[in-house]
Amino acid sequence: MSRGSQSLSVLVVAGTRPEIIKLVPVVQALANAGSMRVRFCHSGQHEELGQGVLDAAGIVPDERLMRPVAPDIGALVAGLTTSIGAALDRQRPRAVVVQGDTATALAGAMAAFHRQIPVAHVEAGLRSGHIGRPWPEEGYRRMVSRIAHWHFAPTRAAAQALVAEGIDEPFVDHVGNTVIDALYWALGRIDADDTLGADIAPLLARAGKRPIVLATVHRRELAEGDLRAIAEGLRALVAREKVELVMPLHPRAENEVLRDLLGRVPRIHVVEPLGYFAFLRLMRASRLIVSDSGGVQEEATALGRSLLVLRSETERPEAVMTGTARLVGADPALLLDEAQAALARPAPGPSHVFGDGQAAERIASRLARDLLAREMALTA
Ligand code: UDP
């Protein structure tokens, strides 16, 4: 990743699976813009989860950092701030791009802030309205908003939330969510190459004609009781309906309780995290999706798949407004009722409410314009 002028160098920082997926299109668009030199820093937060996407996109990190040894999430942010800061000192970019609400996003923004490097925040302005839900994401994204220079909002509501919080309107751009750019890119790749993500094929074949239900669970704030309640709802669903349920388990240790409760139930498949391409093949094949993931809410809406959100509120209300999603919290009876109702009605149609696939291009052209103007002002 190194076309364009050194003086217009941009460092894109990512470390978790969702950030990597959502920033691949931004790296590609910045490189295609031609005028900027693009560098990619992998913070190491998820060491392996996003690697398949980077490989498929041909992105080799210019900085590949070690995951800091940290006993808790606060220490992780501290360690990442130090390691990303050292990468900034080596790369000396004119702008830093971070995405979303992870420890890497907050640490990347803080490291840049302390070096007076302007920060571009991709997927800015999502708000659940509750500082503890999702935790720590709601806090992290609000903190990044306080120090970012450019705010690239995925939805109109997110842009409005930023302006209402006092962010200068000319620095808030409603561009759409780059997850949709990534989705269209990945579907194009899958359709052109049968081998990409083909490891999911045996599971899909095993389902035969039975409808597939896809479930993902990973929120940190879920207590063991919540996980047990969700497992109870899923077991009841499989007992009542002739469906095949696939749950790629997030590597967070607490989630092992789901493997214990669901791992040996007939027609439930608890599997390791899937590569992005396999996961998208599975989403496309699914009749119903049950998830607490942010990215999955956006992808399910774009694909037109029925979705139950395992939360009591969402910072992505558009998924509910389009008729794609229902909120079921961690209530097993509600989960069962809503799942049966969703299986009985036709699937919702695909929606563009989260973006049209051009978000990354809009981000790249805004950054190119502003960085060039800044450069000309400095050299005038
Ligand atoms: N995903 C994946 N493999 C999986 C589960 C999810 O590639 O086994 C992708 C999914 O397509 C989406 C992203 O990971 O783009 C969502 O990540 P996650 O749910 O971990 O985080 P969130 O979106 O809630 O921040």
# chains A, B, ... in the order shown; residues from 1 in each chain; ligands from 1
$ residues_near_ligand --ligand "ligand 1" --cutoff "6 Å" --atoms "only C-alpha atoms and all ligand atoms" --output "JSON, numbers by chain"
{"A": [17, 18, 248, 273, 274, 275, 276, 279, 293, 294, 295, 296]}
$ select_by_dssp --residues "region 108-294 of chain A" --states "helix (DSSP H, G or I)" --output "ChimeraX atom specification"
/A:108-113,137-147,156-164,169-171,178-192,198-207,224-240,253-262,276-285,294
$ closest_atom_pairs --of "region 115-227 of chain A" --to "region 36-58 of chain A" --cutoff "10 Å" --atoms "only C-alpha atoms" --output "CSV"
residue,atom,partner,partner_atom,distance
A:Ala182,CA,A:Val53,CA,9.7
A:Trp185,CA,A:Ala57,CA,9.6
A:Ala186,CA,A:Val53,CA,8.9
A:Arg189,CA,A:Ala56,CA,8.9
A:Leu196,CA,A:Ala56,CA,9.1
A:Gly197,CA,A:Gly52,CA,9.7
$ residues_around --residues "Leu371 (chain A)" --least-positions-apart "2" --cutoff "10 Å" --atoms "only C-alpha atoms" --output "list in words"
Ser7, Leu8, Ser9, Val10, Ser35, Met36, Arg94, Ala95, Ser365, Arg366, Leu367, Ala368, Arg369, Ala373, Arg374, Glu375, Met376 and Ala377 of chain A
$ write_last_selection --atoms "N, CA and C atoms" --output "mmCIF file, in the first residue's frame"
data_model
loop_
_atom_site.group_PDB
_atom_site.id
_atom_site.type_symbol
_atom_site.label_atom_id
_atom_site.label_comp_id
_atom_site.auth_asym_id
_atom_site.auth_seq_id
_atom_site.Cartn_x
_atom_site.Cartn_y
_atom_site.Cartn_z
ATOM 1 N N SER A 7 3.757 13.338 1.351
ATOM 2 C CA SER A 7 3.215 14.419 2.174
ATOM 3 C C SER A 7 1.726 14.224 2.431
ATOM 4 N N LEU A 8 1.043 13.419 1.585
ATOM 5 C CA LEU A 8 -0.379 13.144 1.826
ATOM 6 C C LEU A 8 -0.532 11.715 2.336
ATOM 7 N N SER A 9 0.262 11.338 3.311
ATOM 8 C CA SER A 9 0.198 9.953 3.769
ATOM 9 C C SER A 9 -0.893 9.780 4.832
ATOM 10 N N VAL A 10 -1.607 8.682 4.696
ATOM 11 C CA VAL A 10 -2.725 8.370 5.599
ATOM 12 C C VAL A 10 -2.469 6.996 6.193
ATOM 13 N N SER A 35 -3.835 10.094 -5.136
ATOM 14 C CA SER A 35 -3.079 11.256 -4.654
ATOM 15 C C SER A 35 -2.477 11.041 -3.269
ATOM 16 N N MET A 36 -2.896 9.975 -2.577
ATOM 17 C CA MET A 36 -2.434 9.782 -1.195
ATOM 18 C C MET A 36 -1.586 8.525 -1.065
ATOM 19 N N ARG A 94 -0.147 12.092 7.815
ATOM 20 C CA ARG A 94 -0.844 13.387 7.927
ATOM 21 C C ARG A 94 -2.258 13.218 8.486
ATOM 22 N N ALA A 95 -2.754 11.998 8.429
ATOM 23 C CA ALA A 95 -4.085 11.710 8.999
ATOM 24 C C ALA A 95 -4.133 10.241 9.405
ATOM 25 N N SER A 365 -12.559 10.632 -1.189
ATOM 26 C CA SER A 365 -12.502 11.902 -1.920
ATOM 27 C C SER A 365 -12.522 13.081 -0.951
ATOM 28 N N ARG A 366 -13.236 12.950 0.171
ATOM 29 C CA ARG A 366 -13.211 14.039 1.166
ATOM 30 C C ARG A 366 -11.803 14.179 1.774
ATOM 31 N N LEU A 367 -11.182 13.059 2.119
ATOM 32 C CA LEU A 367 -9.845 13.136 2.723
ATOM 33 C C LEU A 367 -8.835 13.688 1.727
ATOM 34 N N ALA A 368 -8.917 13.232 0.469
ATOM 35 C CA ALA A 368 -7.975 13.714 -0.550
ATOM 36 C C ALA A 368 -8.108 15.235 -0.693
ATOM 37 N N ARG A 369 -9.348 15.707 -0.769
ATOM 38 C CA ARG A 369 -9.590 17.151 -0.955
ATOM 39 C C ARG A 369 -9.043 17.941 0.231
ATOM 40 N N ALA A 373 -5.786 20.509 0.351
ATOM 41 C CA ALA A 373 -5.996 21.924 0.699
ATOM 42 C C ALA A 373 -5.087 22.329 1.860
ATOM 43 N N ARG A 374 -4.959 21.443 2.828
ATOM 44 C CA ARG A 374 -4.111 21.702 3.982
ATOM 45 C C ARG A 374 -2.648 21.835 3.564
ATOM 46 N N GLU A 375 -2.242 20.927 2.677
ATOM 47 C CA GLU A 375 -0.863 20.914 2.189
ATOM 48 C C GLU A 375 -0.555 22.214 1.448
ATOM 49 N N MET A 376 -1.527 22.639 0.629
ATOM 50 C CA MET A 376 -1.299 23.863 -0.158
ATOM 51 C C MET A 376 -1.231 25.065 0.780
ATOM 52 N N ALA A 377 -2.050 25.048 1.831
ATOM 53 C CA ALA A 377 -2.011 26.171 2.781
ATOM 54 C C ALA A 377 -0.670 26.212 3.498
#
$ select_by_dssp --residues "region 111-346 of chain A" --states "strand (DSSP E or B)" --output "mmCIF file with N, CA and C atoms, in the first residue's frame"
data_model
loop_
_atom_site.group_PDB
_atom_site.id
_atom_site.type_symbol
_atom_site.label_atom_id
_atom_site.label_comp_id
_atom_site.auth_asym_id
_atom_site.auth_seq_id
_atom_site.Cartn_x
_atom_site.Cartn_y
_atom_site.Cartn_z
ATOM 1 N N VAL A 119 -7.708 12.966 13.126
ATOM 2 C CA VAL A 119 -8.297 11.620 13.072
ATOM 3 C C VAL A 119 -9.560 11.636 12.218
ATOM 4 N N ALA A 120 -9.662 10.664 11.328
ATOM 5 C CA ALA A 120 -10.902 10.445 10.574
ATOM 6 C C ALA A 120 -11.608 9.253 11.210
ATOM 7 N N HIS A 121 -12.860 9.452 11.613
ATOM 8 C CA HIS A 121 -13.615 8.384 12.282
ATOM 9 C C HIS A 121 -14.672 7.836 11.318
ATOM 10 N N VAL A 122 -14.493 6.592 10.939
ATOM 11 C CA VAL A 122 -15.428 5.912 10.036
ATOM 12 C C VAL A 122 -16.482 5.205 10.887
ATOM 13 N N HIS A 130 -27.314 4.369 25.850
ATOM 14 C CA HIS A 130 -26.988 3.800 27.169
ATOM 15 C C HIS A 130 -25.493 3.558 27.222
ATOM 16 N N ARG A 133 -24.416 -0.124 27.366
ATOM 17 C CA ARG A 133 -24.931 -1.114 26.414
ATOM 18 C C ARG A 133 -24.823 -0.584 25.002
ATOM 19 N N TRP A 150 -12.592 14.434 11.269
ATOM 20 C CA TRP A 150 -13.623 14.096 10.274
ATOM 21 C C TRP A 150 -14.526 13.019 10.875
ATOM 22 N N HIS A 151 -15.829 13.169 10.637
ATOM 23 C CA HIS A 151 -16.801 12.218 11.198
ATOM 24 C C HIS A 151 -17.616 11.657 10.038
ATOM 25 N N PHE A 152 -17.360 10.397 9.662
ATOM 26 C CA PHE A 152 -18.049 9.791 8.525
ATOM 27 C C PHE A 152 -19.205 8.938 9.051
ATOM 28 N N ALA A 153 -20.403 9.494 8.951
ATOM 29 C CA ALA A 153 -21.584 8.857 9.561
ATOM 30 C C ALA A 153 -22.191 7.835 8.596
ATOM 31 N N VAL A 172 -19.040 16.684 9.454
ATOM 32 C CA VAL A 172 -19.882 15.476 9.546
ATOM 33 C C VAL A 172 -20.384 15.150 8.143
ATOM 34 N N ASP A 173 -20.008 13.996 7.605
ATOM 35 C CA ASP A 173 -20.464 13.582 6.274
ATOM 36 C C ASP A 173 -21.278 12.308 6.392
ATOM 37 N N HIS A 174 -22.500 12.349 5.883
ATOM 38 C CA HIS A 174 -23.308 11.113 5.824
ATOM 39 C C HIS A 174 -22.892 10.366 4.558
ATOM 40 N N ILE A 212 -32.282 -22.905 7.367
ATOM 41 C CA ILE A 212 -31.103 -22.691 8.222
ATOM 42 C C ILE A 212 -31.317 -21.452 9.092
ATOM 43 N N VAL A 213 -31.012 -21.611 10.368
ATOM 44 C CA VAL A 213 -31.001 -20.470 11.285
ATOM 45 C C VAL A 213 -29.540 -20.239 11.669
ATOM 46 N N LEU A 214 -29.088 -18.993 11.493
ATOM 47 C CA LEU A 214 -27.713 -18.631 11.853
ATOM 48 C C LEU A 214 -27.755 -17.834 13.153
ATOM 49 N N ALA A 215 -26.927 -18.188 14.114
ATOM 50 C CA ALA A 215 -26.912 -17.433 15.377
ATOM 51 C C ALA A 215 -25.483 -17.011 15.712
ATOM 52 N N THR A 216 -25.308 -15.735 16.106
ATOM 53 C CA THR A 216 -24.010 -15.287 16.640
ATOM 54 C C THR A 216 -24.264 -14.499 17.925
ATOM 55 N N GLU A 244 -32.268 -26.160 10.970
ATOM 56 C CA GLU A 244 -30.879 -26.534 11.247
ATOM 57 C C GLU A 244 -30.211 -25.270 11.753
ATOM 58 N N LEU A 245 -29.637 -25.282 12.953
ATOM 59 C CA LEU A 245 -29.083 -24.050 13.523
ATOM 60 C C LEU A 245 -27.556 -24.101 13.524
ATOM 61 N N VAL A 246 -26.942 -23.054 12.992
ATOM 62 C CA VAL A 246 -25.476 -22.978 12.960
ATOM 63 C C VAL A 246 -25.042 -21.792 13.800
ATOM 64 N N MET A 247 -24.142 -22.044 14.758
ATOM 65 C CA MET A 247 -23.628 -20.966 15.593
ATOM 66 C C MET A 247 -22.096 -20.934 15.530
ATOM 67 N N PRO A 248 -21.523 -19.993 14.738
ATOM 68 C CA PRO A 248 -20.069 -19.809 14.806
ATOM 69 C C PRO A 248 -19.752 -19.098 16.121
ATOM 70 N N ILE A 268 -28.164 -28.750 15.936
ATOM 71 C CA ILE A 268 -27.460 -27.504 16.282
ATOM 72 C C ILE A 268 -25.974 -27.760 16.051
ATOM 73 N N HIS A 269 -25.343 -26.863 15.302
ATOM 74 C CA HIS A 269 -23.915 -26.992 14.994
ATOM 75 C C HIS A 269 -23.174 -25.801 15.575
ATOM 76 N N VAL A 270 -22.443 -26.026 16.657
ATOM 77 C CA VAL A 270 -21.602 -24.958 17.217
ATOM 78 C C VAL A 270 -20.236 -25.118 16.551
ATOM 79 N N VAL A 271 -19.842 -24.109 15.778
ATOM 80 C CA VAL A 271 -18.598 -24.228 14.999
ATOM 81 C C VAL A 271 -17.640 -23.091 15.363
ATOM 82 N N SER A 286 -29.265 -18.545 4.833
ATOM 83 C CA SER A 286 -30.080 -18.625 6.056
ATOM 84 C C SER A 286 -31.485 -18.077 5.829
ATOM 85 N N ARG A 287 -32.431 -18.697 6.491
ATOM 86 C CA ARG A 287 -33.820 -18.219 6.459
ATOM 87 C C ARG A 287 -34.044 -17.194 7.576
ATOM 88 N N LEU A 288 -33.286 -17.389 8.679
ATOM 89 C CA LEU A 288 -33.445 -16.509 9.850
ATOM 90 C C LEU A 288 -32.082 -16.332 10.496
ATOM 91 N N ILE A 289 -31.813 -15.106 10.969
ATOM 92 C CA ILE A 289 -30.550 -14.820 11.655
ATOM 93 C C ILE A 289 -30.880 -14.303 13.049
ATOM 94 N N VAL A 290 -30.171 -14.808 14.041
ATOM 95 C CA VAL A 290 -30.363 -14.385 15.432
ATOM 96 C C VAL A 290 -29.003 -13.896 15.902
ATOM 97 N N SER A 291 -28.895 -12.616 16.303
ATOM 98 C CA SER A 291 -27.549 -12.091 16.537
ATOM 99 C C SER A 291 -27.572 -10.863 17.432
ATOM 100 N N SER A 306 -34.496 -12.190 7.501
ATOM 101 C CA SER A 306 -35.164 -11.903 8.774
ATOM 102 C C SER A 306 -34.154 -11.987 9.897
ATOM 103 N N LEU A 307 -34.268 -11.077 10.850
ATOM 104 C CA LEU A 307 -33.248 -10.969 11.894
ATOM 105 C C LEU A 307 -33.889 -10.738 13.252
ATOM 106 N N LEU A 308 -33.448 -11.495 14.255
ATOM 107 C CA LEU A 308 -33.817 -11.201 15.645
ATOM 108 C C LEU A 308 -32.578 -10.684 16.340
ATOM 109 N N VAL A 309 -32.688 -9.513 16.966
ATOM 110 C CA VAL A 309 -31.533 -8.892 17.621
ATOM 111 C C VAL A 309 -31.605 -9.221 19.108
ATOM 112 N N ALA A 325 -35.645 -6.423 11.236
ATOM 113 C CA ALA A 325 -35.243 -6.891 12.576
ATOM 114 C C ALA A 325 -36.331 -6.691 13.623
ATOM 115 N N ARG A 326 -36.308 -7.567 14.617
ATOM 116 C CA ARG A 326 -37.104 -7.396 15.846
ATOM 117 C C ARG A 326 -36.143 -7.523 17.016
ATOM 118 N N LEU A 327 -36.393 -6.749 18.075
ATOM 119 C CA LEU A 327 -35.546 -6.833 19.266
ATOM 120 C C LEU A 327 -36.139 -7.860 20.219
#
$ closest_residue --among "A:Leu303, A:Leu126, A:Val60, A:Met143" --to "Ser351 (chain A)" --atoms "only C-alpha atoms"
A:Leu303
$ residues_around --residues "Thr195 (chain A)" --least-positions-apart "4" --cutoff "12 Å" --atoms "only C-alpha atoms" --output "VMD selection string"
chain A and resid 189 to 191 199 to 201 277 to 278 281
$ write_last_selection --atoms "N, CA, C and O atoms" --output "mmCIF file, in the first residue's frame"
data_model
loop_
_atom_site.group_PDB
_atom_site.id
_atom_site.type_symbol
_atom_site.label_atom_id
_atom_site.label_comp_id
_atom_site.auth_asym_id
_atom_site.auth_seq_id
_atom_site.Cartn_x
_atom_site.Cartn_y
_atom_site.Cartn_z
ATOM 1 N N ARG A 189 -16.744 -11.446 -5.229
ATOM 2 C CA ARG A 189 -15.632 -12.407 -5.190
ATOM 3 C C ARG A 189 -16.153 -13.836 -5.062
ATOM 4 O O ARG A 189 -15.677 -14.749 -5.730
ATOM 5 N N ILE A 190 -17.147 -14.022 -4.170
ATOM 6 C CA ILE A 190 -17.711 -15.371 -3.957
ATOM 7 C C ILE A 190 -18.350 -15.895 -5.245
ATOM 8 O O ILE A 190 -18.190 -17.058 -5.617
ATOM 9 N N ASP A 191 -19.092 -15.002 -5.921
ATOM 10 C CA ASP A 191 -19.804 -15.445 -7.126
ATOM 11 C C ASP A 191 -18.832 -15.792 -8.251
ATOM 12 O O ASP A 191 -19.155 -16.591 -9.120
ATOM 13 N N ASP A 199 -15.509 -23.878 2.603
ATOM 14 C CA ASP A 199 -15.494 -24.780 3.757
ATOM 15 C C ASP A 199 -16.868 -24.905 4.420
ATOM 16 O O ASP A 199 -17.108 -25.843 5.169
ATOM 17 N N ILE A 200 -17.779 -23.964 4.123
ATOM 18 C CA ILE A 200 -19.113 -24.050 4.732
ATOM 19 C C ILE A 200 -20.025 -25.006 3.940
ATOM 20 O O ILE A 200 -21.077 -25.420 4.434
ATOM 21 N N ALA A 201 -19.610 -25.394 2.740
ATOM 22 C CA ALA A 201 -20.490 -26.180 1.852
ATOM 23 C C ALA A 201 -21.004 -27.479 2.498
ATOM 24 O O ALA A 201 -22.202 -27.779 2.398
ATOM 25 N N PHE A 277 -15.847 -14.961 3.996
ATOM 26 C CA PHE A 277 -16.521 -15.442 2.788
ATOM 27 C C PHE A 277 -17.445 -16.623 3.118
ATOM 28 O O PHE A 277 -18.569 -16.695 2.623
ATOM 29 N N ALA A 278 -16.985 -17.511 3.986
ATOM 30 C CA ALA A 278 -17.841 -18.634 4.405
ATOM 31 C C ALA A 278 -19.046 -18.099 5.173
ATOM 32 O O ALA A 278 -20.176 -18.574 5.002
ATOM 33 N N ARG A 281 -21.565 -16.733 2.785
ATOM 34 C CA ARG A 281 -22.316 -17.822 2.124
ATOM 35 C C ARG A 281 -23.400 -18.355 3.062
ATOM 36 O O ARG A 281 -24.522 -18.632 2.653
#
$ closest_residue --among "A:Pro251, A:Gly323, A:Pro134, A:Pro202" --to "Leu310 (chain A)" --atoms "only C-alpha atoms"
A:Pro134
$ residues_around --residues "Asp181 (chain A)" --least-positions-apart "3" --cutoff "6 Å" --atoms "only C-alpha atoms" --output "ChimeraX atom specification"
/A:178,184,357
$ atom_distance --atom1 "CA of Ile363 (chain A)" --atom2 "CA of Gly100 (chain A)"
14.4 Å
$ residues_around --residues "Ala103 (chain A)" --least-positions-apart "2" --cutoff "8 Å" --atoms "only C-alpha atoms" --output "list in words"
Ile73, Leu76, Val77, Leu80, Asp101, Ala105, Leu106, Ala107 and Tyr140 of chain A
$ closest_residue --among "A:Asp168, A:Glu299, A:Glu272, A:Glu123" --to "Arg284 (chain A)" --atoms "only C-alpha atoms"
A:Glu299
$ atom_distance --atom1 "CA of Ala239 (chain A)" --atom2 "CA of Gln340 (chain A)"
11.6 Å
$ closest_residue --among "A:Gly263, A:Pro317, A:Gly225, A:Pro71" --to "Ala330 (chain A)" --atoms "only C-alpha atoms"
A:Gly225
$ closest_residue --among "A:His352, A:Arg316, A:Lys242, A:Arg264" --to "Gly304 (chain A)" --atoms "only C-alpha atoms"
A:His352
$ atom_distance --atom1 "CA of Ile147 (chain A)" --atom2 "CA of Asp62 (chain A)"
24.8 Å
